[in-house]
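Here is the structure we will look at.
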Amino acid sequence: MRPLRACLGAAAAVTLAAAGTTALVASNASGATTALSNRWYAAAPYLMPLDNNPPDAAAIMDATGLKAFQLAFVLAPNGGGCSPTWGGTAAVSSDTAVQSVINTIRAKGGDVSASIGGYGGTKLGQTCADAASTAAAYQQVITKYGLHAIDFDLEEPEYENTAAIKNEIGAAKILQQNNPGLYVSVTTPGTADGTGWFGKQMLLEAKSQGFTPDNFSIMPFDGGFSGAASQTGALTNFNSILQSTFGWDQATAYAHEGFSGMNGRSDTGEYFTQADFQTVLDYATSHNMDRFTFWSLNRDRPCTPVDNNGTTSGTCSSVAQGAWDFAKYSVKFAGVTPPTTTPTPTPTPTPTPTSCKTAWSATAVYTAGNEVSYNSHNWKAKWWTQNEVPGASEWGPWQDEGAC
């Protein structure tokens, strides 16, 4: 997720990771000059600033004390090319919408990291010619927004592509060298034994290139997990993989290890409650792990009804909760006590109900940008699709645009 300090010895790396206070001070186009502590970037939950009914970041900060946000996702253009976009459609070079969100967060004393990749879509590592051109594309993002942190979310379908992963790891190393103090995380799918074959190949690629990020994080969900015990078991197993791959002792491996969870109902129907998050948080802090984050703040809201009709939503969690319950665990990981009282919200006018688009058809062909309605929600196609039910999976071809 971000380039790190190059050529650190194991002992020095542990000391710096544990301290969590490295700050990058740089002049940039966004006007930001001072970084947060690394612990805040390590605690930053994911936020989609342009999709999935983006919540008000300022309201989350007021309600929870959260200071850092992991903005998702930087991708290659849907039509191909080696220039950064948000979600494959909004060019970073001409962006004003995400910049506005960042400005709001920074005006309240917070900051952001940008996340590269994610599940689905075309990644820059797949379309750029080599590591240097991939790094140049990401440097545009760092420079435009004055970033102090970046996340490489390497998963489907990219992490099955050896050349693409070589480009991404190589780019991360270049960014690490060219942006001293940049906090870098690498996130990859988790399995019961830590991570799967492709995740292990990614670690070997990092080793072969001599690249060490602040942490390697796994996502222990969507892989047959059931509650916190299965997640902490996967984290223990992943620690062993880090030890055997890099020759680290257990403490060094934990200092380079991270957790990236999914709040509420996962894509495959697993459920992770607030109690599960507390258990994993206790594990992470007691083992001095470097990172604790989750997908996503867009989902850190109650559904109506609570089970969301048995589907996974991009805009609510499908478990009983108050707004921003899961964000409070990130605040705890950062070492700050969340507010005990909720600020009185500013009254807002009741919004006019959104009209429903043309009903989705199983036989119709849809391309990126087409809109339909299904189950009293409007949906927008992310890419070409036919006979794929809207809402069947958060990672599918349909983006939930809210109730209609």
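By order of appearance in the structure tokens: chains A, B, ..., then residues from 1 within every chain, and ligands from 1 in the order shown.
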Original post:
Using only C-alpha atoms, which residues sit within 7 Å of Thr315 in chain A once same-chain residues fewer than 4 positions away are excluded, as an NGL selection string?
Top reply: :A and (52-53 or 298-299)
Create the file for the chosen residues now, containing all heavy atoms and written as a CSV table (one decimal), in the first residue's frame.
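As written to disk, out21.csv reads:
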```csv
chain,number,residue,atom,x,y,z
A,52,ASN,N,-20.6,3.8,-3.7
A,52,ASN,CA,-21.2,3.2,-2.5
A,52,ASN,C,-21.7,4.2,-1.5
A,52,ASN,O,-21.4,4.1,-0.3
A,52,ASN,CB,-20.2,2.2,-1.9
A,52,ASN,CG,-20.1,0.9,-2.7
A,52,ASN,OD1,-20.8,0.7,-3.7
A,52,ASN,ND2,-19.1,0.1,-2.3
A,53,ASN,N,-22.4,5.2,-2.0
A,53,ASN,CA,-23.0,6.2,-1.1
A,53,ASN,C,-22.0,6.7,-0.1
A,53,ASN,O,-22.2,6.5,1.1
A,53,ASN,CB,-24.2,5.6,-0.4
A,53,ASN,CG,-25.0,6.6,0.4
A,53,ASN,OD1,-24.9,7.8,0.1
A,53,ASN,ND2,-25.8,6.1,1.3
A,298,ASN,N,-17.9,2.9,4.2
A,298,ASN,CA,-19.1,3.0,3.5
A,298,ASN,C,-20.1,2.0,4.1
A,298,ASN,O,-21.4,2.2,4.0
A,298,ASN,CB,-18.9,2.7,2.0
A,298,ASN,CG,-18.0,3.6,1.4
A,298,ASN,OD1,-16.8,3.6,1.7
A,298,ASN,ND2,-18.4,4.5,0.4
A,299,ARG,N,-19.6,0.9,4.6
A,299,ARG,CA,-20.5,-0.2,5.1
A,299,ARG,C,-20.7,-0.1,6.7
A,299,ARG,O,-21.4,-0.9,7.2
A,299,ARG,CB,-19.9,-1.6,4.8
A,299,ARG,CG,-19.5,-1.8,3.4
A,299,ARG,CD,-18.9,-3.1,3.1
A,299,ARG,NE,-19.9,-4.2,3.4
A,299,ARG,CZ,-19.9,-5.0,4.4
A,299,ARG,NH1,-19.0,-4.9,5.3
A,299,ARG,NH2,-20.9,-5.9,4.5
```
**OP:** Within range 20-104 of chain A, find each residue whose DSSP state, derived from the backbone, is helix (DSSP H, G or I), and express the selection as JSON, numbers by chain.
**Re:** {"A": [38, 39, 40, 41, 42, 43, 57, 58, 59, 60, 61, 62, 63, 64, 92, 93, 94, 97, 98, 99, 100, 101, 102, 103, 104]}
Same residues, N, CA and C atoms, output as a short mmCIF file (atom, residue, chain, number, x, y, z; two decimals), in the first residue's frame:
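New file selection_2.cif:
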```cif
data_model
loop_
_atom_site.label_atom_id
_atom_site.label_comp_id
_atom_site.auth_asym_id
_atom_site.auth_seq_id
_atom_site.Cartn_x
_atom_site.Cartn_y
_atom_site.Cartn_z
N ASN A 38 2.63 7.27 11.95
CA ASN A 38 2.38 6.07 11.16
C ASN A 38 1.28 5.21 11.75
N ARG A 39 1.09 5.28 13.06
CA ARG A 39 0.05 4.47 13.69
C ARG A 39 -1.33 4.82 13.16
N TRP A 40 -1.55 6.10 12.83
CA TRP A 40 -2.84 6.48 12.27
C TRP A 40 -3.02 5.91 10.87
N TYR A 41 -1.98 5.95 10.03
CA TYR A 41 -2.11 5.37 8.69
C TYR A 41 -2.33 3.86 8.78
N ALA A 42 -1.75 3.24 9.81
CA ALA A 42 -1.92 1.80 10.02
C ALA A 42 -3.33 1.47 10.47
N ALA A 43 -4.03 2.46 11.02
CA ALA A 43 -5.38 2.24 11.54
C ALA A 43 -6.47 2.71 10.57
N ALA A 57 -17.07 12.23 5.78
CA ALA A 57 -15.87 11.95 6.56
C ALA A 57 -15.79 12.85 7.80
N ALA A 58 -16.20 14.10 7.66
CA ALA A 58 -16.14 15.02 8.81
C ALA A 58 -17.05 14.54 9.94
N ALA A 59 -18.22 14.01 9.59
CA ALA A 59 -19.15 13.50 10.61
C ALA A 59 -18.55 12.30 11.33
N ILE A 60 -17.86 11.42 10.57
CA ILE A 60 -17.22 10.26 11.19
C ILE A 60 -16.13 10.72 12.16
N MET A 61 -15.35 11.70 11.75
CA MET A 61 -14.29 12.23 12.61
C MET A 61 -14.87 12.80 13.90
N ASP A 62 -15.95 13.54 13.79
CA ASP A 62 -16.58 14.14 14.97
C ASP A 62 -17.14 13.07 15.91
N ALA A 63 -17.72 12.02 15.32
CA ALA A 63 -18.40 11.01 16.13
C ALA A 63 -17.44 10.02 16.79
N THR A 64 -16.28 9.79 16.17
CA THR A 64 -15.40 8.71 16.65
C THR A 64 -14.00 9.14 17.05
N VAL A 92 -7.12 10.85 -12.18
CA VAL A 92 -6.51 11.56 -11.06
C VAL A 92 -6.05 12.95 -11.49
N SER A 93 -5.54 13.06 -12.70
CA SER A 93 -4.97 14.33 -13.17
C SER A 93 -5.97 15.48 -13.16
N SER A 94 -7.24 15.18 -13.42
CA SER A 94 -8.26 16.23 -13.48
C SER A 94 -9.22 16.19 -12.29
N ALA A 97 -13.10 16.11 -7.11
CA ALA A 97 -14.03 15.56 -6.13
C ALA A 97 -13.30 14.90 -4.96
N VAL A 98 -12.32 14.03 -5.26
CA VAL A 98 -11.57 13.37 -4.19
C VAL A 98 -10.71 14.41 -3.45
N GLN A 99 -10.16 15.36 -4.20
CA GLN A 99 -9.37 16.41 -3.56
C GLN A 99 -10.20 17.17 -2.54
N SER A 100 -11.47 17.40 -2.85
CA SER A 100 -12.35 18.10 -1.92
C SER A 100 -12.54 17.31 -0.63
N VAL A 101 -12.69 15.98 -0.77
CA VAL A 101 -12.82 15.12 0.42
C VAL A 101 -11.55 15.21 1.26
N ILE A 102 -10.40 15.14 0.59
CA ILE A 102 -9.12 15.19 1.30
C ILE A 102 -8.97 16.54 2.02
N ASN A 103 -9.35 17.62 1.35
CA ASN A 103 -9.25 18.94 1.97
C ASN A 103 -10.10 19.03 3.23
N THR A 104 -11.30 18.45 3.17
CA THR A 104 -12.19 18.46 4.34
C THR A 104 -11.55 17.72 5.51
#
```
Original post:
What lies within 12 Å of range 164-170 of chain A using only C-alpha atoms, ignoring chain neighbours under 5 positions off, as JSON, numbers by chain?
Top reply: {"A": [1, 2, 3, 4, 116, 117, 122, 123, 124, 125, 126, 127, 128, 129, 130, 131, 132, 133, 134, 135, 136, 137, 138, 151, 152, 153, 154, 155, 156, 157, 158, 159, 175, 176, 177, 184, 185, 186, 187, 188, 198, 199, 200, 201, 202, 203, 204, 205, 206, 207, 208, 209, 210, 211, 212, 213, 216]}
**OP:** Just list the residues in range 78-189 of chain A DSSP gives strand (DSSP E or B) on the backbone, as a PyMOL selection string.
**Re:** chain A and resi 85-86+90-91+111-117+149-153+183-189
Original post:
Suppose you want the space between CA of Ala35 in chain A and CA of His256 in chain A; what is it in Å?
Top reply: 20.5 Å
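In terms of minimum interatomic distance to Tyr283 in chain A, A:Ala229 ranks closest within A:Ala229, A:Val331, A:Ala320, A:Pro302, counting only C-alpha atoms.
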